[in-house]
Amino acid sequence: MLGACVSSSEDFNDSLSWMFEISLSQSDIAEIAKLFKGVYKPVVMYFFVRSFKCPTCKPAMDLAEALRQAIVIAGKTDVMKIREYSLDESEGKALAKFFNVSRVPTILLLNGYIRYVGIPSGEELNSFIETIIRIGTEDVGLSNDVREAIEELGDERINIEVMVTPTCPYCPYAVITANMFAYVSYMSRGKLISEVIELYENPDIAYKYSVMSVPAIAINGRLAFIGLPSEHELLNMIKRILRS
């Protein structure tokens with residue numbers, strides 16, 4: 001069960017703040033650096049934060065700094081970039097408007113085709129790192145028929161919202177699948193977006209969909225699935241929503 005939700009602004013409960021701490025040791029950073037050594041395609045990460053009413057923005061910046069260190073150790077500063085923007089500043093506000101970012105912290109990959117609304121902590125941190133590596137190594141991990149079907153979606157506007165919590169052991173697998181759908185769409189100039197939403201930080205979204213357990217998946221604003229879908233199940237959900 002999802003349990004009680006808290007907000008990333010005024011209603012955030014300090015008793016849950018431990019879930020969102022990013023405390024990566026130098027050993028952890030060195031291990032991430034080893035994984036980053038295989039990256040050869042450009043990966044740009046946009047971090048959007050602000051200085052008020054955002055208890056998880058500081059952990060998000062801690063994550064950005066840890067990743068930056070790993071990139072330097074891996075010797076990948078030529079292909080891996082981290083961009084940090086504050087919604088307190090005019091440049092950050094303008095770019096947030098351009099990318100349609102309205103919540104903080106938000107992290108974008110693939111120019112916004114993959115979006116993390118809330119910090120990827122706990123179980124989600126590994127899937128976030130894996131997403132970065134898959135983008136940087138072109139390791140989609142989807143079957144050929146699913147890839148072809150995603151490419152055939154063409155200009156259909158599809159927004160997959162994968163709702164997660166830091167302690168959910170199944171959520172990262174749902175996230176990776178949705179993110180790779182977005183990656184294939186990005187590479188084929190489609191319009192499928194994967195949005196990973198951390199529900200403790202965004203309880204209004206949990207309320208909107210009446211979500212009581214995770215992972216939960218909404219497609220184009222309609223709750224479509226509770227649980228962990230296979231790649232073919234996710235594809236069929238998308239097709240069903242598009243037909244309805």
# chains A, B, ... in the order shown; residues from 1 in each chain; ligands from 1

call {"tool": "select_by_dssp", "arguments": {"residues": "stretch 56-120 of chain A", "states": "strand (DSSP E)", "output": "PyMOL selection string"}}
result
chain A and resi 80-86+106-109+114-117

call {"tool": "write_last_selection", "arguments": {"atoms": "N, CA and C atoms", "output": "mmCIF file, in the first residue's frame"}}
result
data_model
loop_
_atom_site.group_PDB
_atom_site.id
_atom_site.type_symbol
_atom_site.label_atom_id
_atom_site.label_comp_id
_atom_site.auth_asym_id
_atom_site.auth_seq_id
_atom_site.Cartn_x
_atom_site.Cartn_y
_atom_site.Cartn_z
ATOM 1 N N MET A 80 29.181 13.352 -21.106
ATOM 2 C CA MET A 80 28.172 13.388 -20.050
ATOM 3 C C MET A 80 28.171 14.776 -19.396
ATOM 4 N N LYS A 81 27.017 15.421 -19.386
ATOM 5 C CA LYS A 81 26.906 16.785 -18.870
ATOM 6 C C LYS A 81 25.769 16.885 -17.853
ATOM 7 N N ILE A 82 25.965 17.723 -16.847
ATOM 8 C CA ILE A 82 24.923 18.034 -15.878
ATOM 9 C C ILE A 82 24.677 19.534 -15.910
ATOM 10 N N ARG A 83 23.413 19.908 -16.099
ATOM 11 C CA ARG A 83 23.014 21.311 -16.112
ATOM 12 C C ARG A 83 22.078 21.557 -14.931
ATOM 13 N N GLU A 84 22.380 22.550 -14.135
ATOM 14 C CA GLU A 84 21.573 22.859 -12.955
ATOM 15 C C GLU A 84 20.899 24.211 -13.131
ATOM 16 N N TYR A 85 19.606 24.259 -12.841
ATOM 17 C CA TYR A 85 18.850 25.495 -12.991
ATOM 18 C C TYR A 85 17.939 25.695 -11.790
ATOM 19 N N SER A 86 17.876 26.924 -11.319
ATOM 20 C CA SER A 86 16.999 27.278 -10.220
ATOM 21 C C SER A 86 15.805 28.068 -10.728
ATOM 22 N N THR A 106 12.831 18.480 -10.500
ATOM 23 C CA THR A 106 12.564 17.725 -11.713
ATOM 24 C C THR A 106 13.892 17.497 -12.424
ATOM 25 N N ILE A 107 14.080 16.293 -12.915
ATOM 26 C CA ILE A 107 15.296 15.954 -13.670
ATOM 27 C C ILE A 107 14.872 15.496 -15.063
ATOM 28 N N LEU A 108 15.492 16.059 -16.078
ATOM 29 C CA LEU A 108 15.171 15.703 -17.455
ATOM 30 C C LEU A 108 16.333 14.988 -18.120
ATOM 31 N N LEU A 109 16.001 13.985 -18.910
ATOM 32 C CA LEU A 109 16.942 13.313 -19.795
ATOM 33 C C LEU A 109 16.353 13.336 -21.201
ATOM 34 N N ILE A 114 12.383 11.866 -21.142
ATOM 35 C CA ILE A 114 12.360 11.153 -19.869
ATOM 36 C C ILE A 114 12.424 12.194 -18.774
ATOM 37 N N ARG A 115 11.456 12.132 -17.837
ATOM 38 C CA ARG A 115 11.322 13.149 -16.817
ATOM 39 C C ARG A 115 11.155 12.490 -15.453
ATOM 40 N N TYR A 116 11.914 12.959 -14.478
ATOM 41 C CA TYR A 116 11.763 12.515 -13.093
ATOM 42 C C TYR A 116 11.190 13.668 -12.287
ATOM 43 N N VAL A 117 9.962 13.508 -11.816
ATOM 44 C CA VAL A 117 9.305 14.523 -11.009
ATOM 45 C C VAL A 117 9.408 14.068 -9.552
#

call {"tool": "residues_around", "arguments": {"residues": "stretch 123-134 of chain A", "least_positions_apart": "4", "cutoff": "9 Å", "atoms": "only C-alpha atoms", "output": "MDAnalysis selection string"}}
result
chainID A and resid 32 35:36 38:39 43 45 109 116 119 138:141 164:173 175:176 179:180

call {"tool": "closest_atom_pairs", "arguments": {"of": "stretch 177-202 of chain A", "to": "stretch 208-227 of chain A", "cutoff": "12 Å", "atoms": "only C-alpha atoms", "output": "Markdown table"}}
result
| residue | atom | partner | partner_atom | distance |
| --- | --- | --- | --- | --- |
| A:Thr177 | CA | A:Ile217 | CA | 11.4 |
| A:Ala178 | CA | A:Ile217 | CA | 9.4 |
| A:Lys191 | CA | A:Asn220 | CA | 11.9 |
| A:Leu192 | CA | A:Asn220 | CA | 10.0 |
| A:Ile193 | CA | A:Ile219 | CA | 9.9 |
| A:Ser194 | CA | A:Ile219 | CA | 9.6 |
| A:Glu195 | CA | A:Ala218 | CA | 9.7 |
| A:Val196 | CA | A:Ile217 | CA | 9.5 |
| A:Ile197 | CA | A:Ala216 | CA | 9.8 |
| A:Glu198 | CA | A:Val214 | CA | 10.1 |
| A:Leu199 | CA | A:Val214 | CA | 9.2 |
| A:Tyr200 | CA | A:Val214 | CA | 11.4 |
| A:Asn202 | CA | A:Lys208 | CA | 10.3 |

call {"tool": "residues_around", "arguments": {"residues": "A:Gln69", "least_positions_apart": "3", "cutoff": "10 Å", "atoms": "only C-alpha atoms", "output": "compact mmCIF listing (two decimals) with N, CA and C atoms, in the first residue's frame"}}
result
# COMPACT_ATOMS: atom_id res chain seq x y z
N GLN A 26 32.40 7.79 -1.23
CA GLN A 26 33.36 7.83 -2.33
C GLN A 26 33.46 6.46 -3.02
N ILE A 29 30.49 6.31 -5.36
CA ILE A 29 30.75 7.15 -6.53
C ILE A 29 31.73 6.46 -7.48
N ALA A 30 32.73 5.78 -6.90
CA ALA A 30 33.71 5.06 -7.72
C ALA A 30 33.03 3.92 -8.49
N ILE A 32 29.84 3.87 -9.44
CA ILE A 32 29.07 4.50 -10.51
C ILE A 32 29.99 4.90 -11.65
N ALA A 33 31.17 5.40 -11.30
CA ALA A 33 32.14 5.80 -12.33
C ALA A 33 32.52 4.61 -13.21
N LEU A 63 22.74 14.71 -5.33
CA LEU A 63 22.81 13.68 -6.36
C LEU A 63 23.55 14.20 -7.59
N ALA A 64 23.24 15.42 -7.99
CA ALA A 64 23.91 16.02 -9.15
C ALA A 64 25.42 16.10 -8.91
N GLU A 65 25.80 16.49 -7.71
CA GLU A 65 27.23 16.60 -7.39
C GLU A 65 27.91 15.24 -7.39
N ALA A 66 27.25 14.22 -6.84
CA ALA A 66 27.83 12.87 -6.83
C ALA A 66 27.99 12.35 -8.26
N VAL A 72 33.63 12.72 -13.79
CA VAL A 72 35.04 13.13 -13.85
C VAL A 72 35.95 11.91 -13.65
N ILE A 73 35.65 11.08 -12.66
CA ILE A 73 36.46 9.89 -12.40
C ILE A 73 36.45 8.95 -13.60
N ALA A 74 35.29 8.84 -14.25
CA ALA A 74 35.16 7.95 -15.42
C ALA A 74 35.82 8.54 -16.66
N GLY A 75 36.19 9.81 -16.61
CA GLY A 75 36.80 10.46 -17.77
C GLY A 75 35.81 10.69 -18.89
N THR A 77 33.67 13.53 -19.21
CA THR A 77 33.16 14.90 -19.24
C THR A 77 32.89 15.40 -20.66

call {"tool": "residues_around", "arguments": {"residues": "A:Gly190", "least_positions_apart": "2", "cutoff": "9 Å", "atoms": "only C-alpha atoms", "output": "list in words"}}
result
Ile150, Glu151, Glu152, Leu153, Gly154, Asp155, Glu156, Arg157, Ala182, Val184, Ser185, Tyr186, Met187, Ser188 and Leu192 of chain A

call {"tool": "closest_residue", "arguments": {"among": "A:Val101, A:Val44, A:Leu235, A:Ile160", "to": "A:Leu142", "atoms": "only C-alpha atoms"}}
result
A:Leu235

call {"tool": "atom_distance", "arguments": {"atom1": "atom CA of A:Phe47", "atom2": "atom CA of A:Gly92"}}
result
9.8 Å

call {"tool": "select_by_dssp", "arguments": {"residues": "stretch 69-241 of chain A", "states": "helix (DSSP H, G or I)", "output": "VMD selection string"}}
result
chain A and resid 69 to 74 90 to 98 110 to 112 123 to 137 144 to 152 171 to 187 203 to 209 231 to 241

call {"tool": "decode", "arguments": {"residues": "stretch 10-55 of chain A", "atoms": "N, CA and C atoms", "output": "mmCIF file, in the first residue's frame"}}
result
data_model
loop_
_atom_site.group_PDB
_atom_site.id
_atom_site.type_symbol
_atom_site.label_atom_id
_atom_site.label_comp_id
_atom_site.auth_asym_id
_atom_site.auth_seq_id
_atom_site.Cartn_x
_atom_site.Cartn_y
_atom_site.Cartn_z
ATOM 1 N N GLU A 10 4.576 22.528 1.360
ATOM 2 C CA GLU A 10 4.192 22.900 2.710
ATOM 3 C C GLU A 10 3.884 21.695 3.601
ATOM 4 N N ASP A 11 3.392 20.591 3.040
ATOM 5 C CA ASP A 11 2.911 19.476 3.860
ATOM 6 C C ASP A 11 3.923 18.354 4.034
ATOM 7 N N PHE A 12 5.141 18.576 3.564
ATOM 8 C CA PHE A 12 6.143 17.519 3.625
ATOM 9 C C PHE A 12 6.417 17.136 5.076
ATOM 10 N N ASN A 13 6.422 15.846 5.330
ATOM 11 C CA ASN A 13 6.593 15.332 6.692
ATOM 12 C C ASN A 13 8.057 14.997 6.935
ATOM 13 N N ASP A 14 8.669 15.677 7.901
ATOM 14 C CA ASP A 14 10.087 15.465 8.179
ATOM 15 C C ASP A 14 10.390 14.027 8.573
ATOM 16 N N SER A 15 9.396 13.312 9.077
ATOM 17 C CA SER A 15 9.632 11.929 9.487
ATOM 18 C C SER A 15 9.941 11.028 8.302
ATOM 19 N N LEU A 16 9.637 11.474 7.104
ATOM 20 C CA LEU A 16 9.917 10.699 5.905
ATOM 21 C C LEU A 16 11.145 11.200 5.158
ATOM 22 N N SER A 17 11.794 12.237 5.675
ATOM 23 C CA SER A 17 12.904 12.844 4.942
ATOM 24 C C SER A 17 14.069 11.881 4.727
ATOM 25 N N TRP A 18 14.186 10.874 5.619
ATOM 26 C CA TRP A 18 15.275 9.912 5.468
ATOM 27 C C TRP A 18 15.197 9.163 4.147
ATOM 28 N N MET A 19 14.004 9.018 3.594
ATOM 29 C CA MET A 19 13.845 8.297 2.330
ATOM 30 C C MET A 19 14.539 9.009 1.174
ATOM 31 N N PHE A 20 14.678 10.319 1.299
ATOM 32 C CA PHE A 20 15.129 11.108 0.168
ATOM 33 C C PHE A 20 16.566 11.599 0.309
ATOM 34 N N GLU A 21 17.235 11.161 1.353
ATOM 35 C CA GLU A 21 18.622 11.553 1.528
ATOM 36 C C GLU A 21 19.495 10.864 0.482
ATOM 37 N N ILE A 22 20.409 11.625 -0.093
ATOM 38 C CA ILE A 22 21.386 11.062 -1.027
ATOM 39 C C ILE A 22 22.732 11.080 -0.323
ATOM 40 N N SER A 23 23.143 9.934 0.137
ATOM 41 C CA SER A 23 24.394 9.826 0.879
ATOM 42 C C SER A 23 25.281 8.782 0.203
ATOM 43 N N LEU A 24 25.910 9.193 -0.877
ATOM 44 C CA LEU A 24 26.781 8.288 -1.628
ATOM 45 C C LEU A 24 28.222 8.465 -1.164
ATOM 46 N N SER A 25 28.820 7.373 -0.715
ATOM 47 C CA SER A 25 30.212 7.420 -0.284
ATOM 48 C C SER A 25 31.128 7.522 -1.497
ATOM 49 N N GLN A 26 32.399 7.789 -1.234
ATOM 50 C CA GLN A 26 33.365 7.828 -2.333
ATOM 51 C C GLN A 26 33.457 6.464 -3.015
ATOM 52 N N SER A 27 33.256 5.401 -2.246
ATOM 53 C CA SER A 27 33.240 4.057 -2.828
ATOM 54 C C SER A 27 32.047 3.892 -3.768
ATOM 55 N N ASP A 28 30.881 4.415 -3.340
ATOM 56 C CA ASP A 28 29.691 4.356 -4.188
ATOM 57 C C ASP A 28 29.921 5.125 -5.487
ATOM 58 N N ILE A 29 30.492 6.305 -5.357
ATOM 59 C CA ILE A 29 30.751 7.149 -6.528
ATOM 60 C C ILE A 29 31.730 6.458 -7.475
ATOM 61 N N ALA A 30 32.733 5.782 -6.897
ATOM 62 C CA ALA A 30 33.706 5.060 -7.725
ATOM 63 C C ALA A 30 33.030 3.923 -8.488
ATOM 64 N N GLU A 31 32.056 3.249 -7.851
ATOM 65 C CA GLU A 31 31.330 2.174 -8.523
ATOM 66 C C GLU A 31 30.482 2.715 -9.662
ATOM 67 N N ILE A 32 29.841 3.870 -9.441
ATOM 68 C CA ILE A 32 29.066 4.499 -10.509
ATOM 69 C C ILE A 32 29.992 4.902 -11.651
ATOM 70 N N ALA A 33 31.170 5.398 -11.304
ATOM 71 C CA ALA A 33 32.142 5.796 -12.327
ATOM 72 C C ALA A 33 32.523 4.609 -13.210
ATOM 73 N N LYS A 34 32.659 3.429 -12.605
ATOM 74 C CA LYS A 34 32.982 2.231 -13.389
ATOM 75 C C LYS A 34 31.877 1.950 -14.410
ATOM 76 N N LEU A 35 30.640 2.147 -13.993
ATOM 77 C CA LEU A 35 29.517 1.930 -14.901
ATOM 78 C C LEU A 35 29.496 2.976 -16.013
ATOM 79 N N PHE A 36 29.882 4.200 -15.664
ATOM 80 C CA PHE A 36 29.881 5.281 -16.646
ATOM 81 C C PHE A 36 30.983 5.127 -17.693
ATOM 82 N N LYS A 37 31.994 4.335 -17.410
ATOM 83 C CA LYS A 37 33.109 4.183 -18.362
ATOM 84 C C LYS A 37 32.653 3.633 -19.708
ATOM 85 N N GLY A 38 31.548 2.910 -19.729
ATOM 86 C CA GLY A 38 31.058 2.351 -20.979
ATOM 87 C C GLY A 38 30.245 3.316 -21.811
ATOM 88 N N VAL A 39 29.938 4.486 -21.264
ATOM 89 C CA VAL A 39 29.106 5.464 -21.975
ATOM 90 C C VAL A 39 29.892 6.101 -23.118
ATOM 91 N N TYR A 40 29.279 6.117 -24.306
ATOM 92 C CA TYR A 40 29.936 6.746 -25.453
ATOM 93 C C TYR A 40 29.016 7.696 -26.222
ATOM 94 N N LYS A 41 27.715 7.650 -25.924
ATOM 95 C CA LYS A 41 26.774 8.577 -26.550
ATOM 96 C C LYS A 41 26.502 9.739 -25.589
ATOM 97 N N PRO A 42 26.235 10.929 -26.119
ATOM 98 C CA PRO A 42 25.993 12.088 -25.244
ATOM 99 C C PRO A 42 24.806 11.876 -24.306
ATOM 100 N N VAL A 43 24.996 12.241 -23.057
ATOM 101 C CA VAL A 43 23.930 12.208 -22.053
ATOM 102 C C VAL A 43 23.944 13.551 -21.331
ATOM 103 N N VAL A 44 22.837 14.271 -21.424
ATOM 104 C CA VAL A 44 22.720 15.565 -20.732
ATOM 105 C C VAL A 44 21.604 15.467 -19.710
ATOM 106 N N MET A 45 21.909 15.820 -18.466
ATOM 107 C CA MET A 45 20.930 15.790 -17.377
ATOM 108 C C MET A 45 20.617 17.206 -16.931
ATOM 109 N N TYR A 46 19.350 17.567 -16.956
ATOM 110 C CA TYR A 46 18.908 18.877 -16.501
ATOM 111 C C TYR A 46 18.277 18.732 -15.116
ATOM 112 N N PHE A 47 18.817 19.432 -14.136
ATOM 113 C CA PHE A 47 18.266 19.429 -12.780
ATOM 114 C C PHE A 47 17.588 20.768 -12.514
ATOM 115 N N PHE A 48 16.298 20.736 -12.204
ATOM 116 C CA PHE A 48 15.551 21.943 -11.867
ATOM 117 C C PHE A 48 15.201 21.914 -10.382
ATOM 118 N N VAL A 49 15.583 22.987 -9.678
ATOM 119 C CA VAL A 49 15.330 23.086 -8.244
ATOM 120 C C VAL A 49 14.886 24.515 -7.911
ATOM 121 N N ARG A 50 14.652 24.745 -6.638
ATOM 122 C CA ARG A 50 14.462 26.105 -6.132
ATOM 123 C C ARG A 50 14.856 26.121 -4.672
ATOM 124 N N SER A 51 14.950 27.298 -4.096
ATOM 125 C CA SER A 51 15.494 27.402 -2.744
ATOM 126 C C SER A 51 14.447 27.417 -1.649
ATOM 127 N N PHE A 52 13.147 27.425 -1.977
ATOM 128 C CA PHE A 52 12.126 27.489 -0.938
ATOM 129 C C PHE A 52 11.020 26.469 -1.219
ATOM 130 N N LYS A 53 10.369 26.046 -0.135
ATOM 131 C CA LYS A 53 9.275 25.079 -0.224
ATOM 132 C C LYS A 53 9.654 23.861 -1.068
ATOM 133 N N CYS A 54 10.861 23.373 -0.876
ATOM 134 C CA CYS A 54 11.305 22.194 -1.619
ATOM 135 C C CYS A 54 12.309 21.420 -0.775
ATOM 136 N N PRO A 55 11.848 20.622 0.182
ATOM 137 C CA PRO A 55 12.754 19.870 1.052
ATOM 138 C C PRO A 55 13.652 18.889 0.314
#
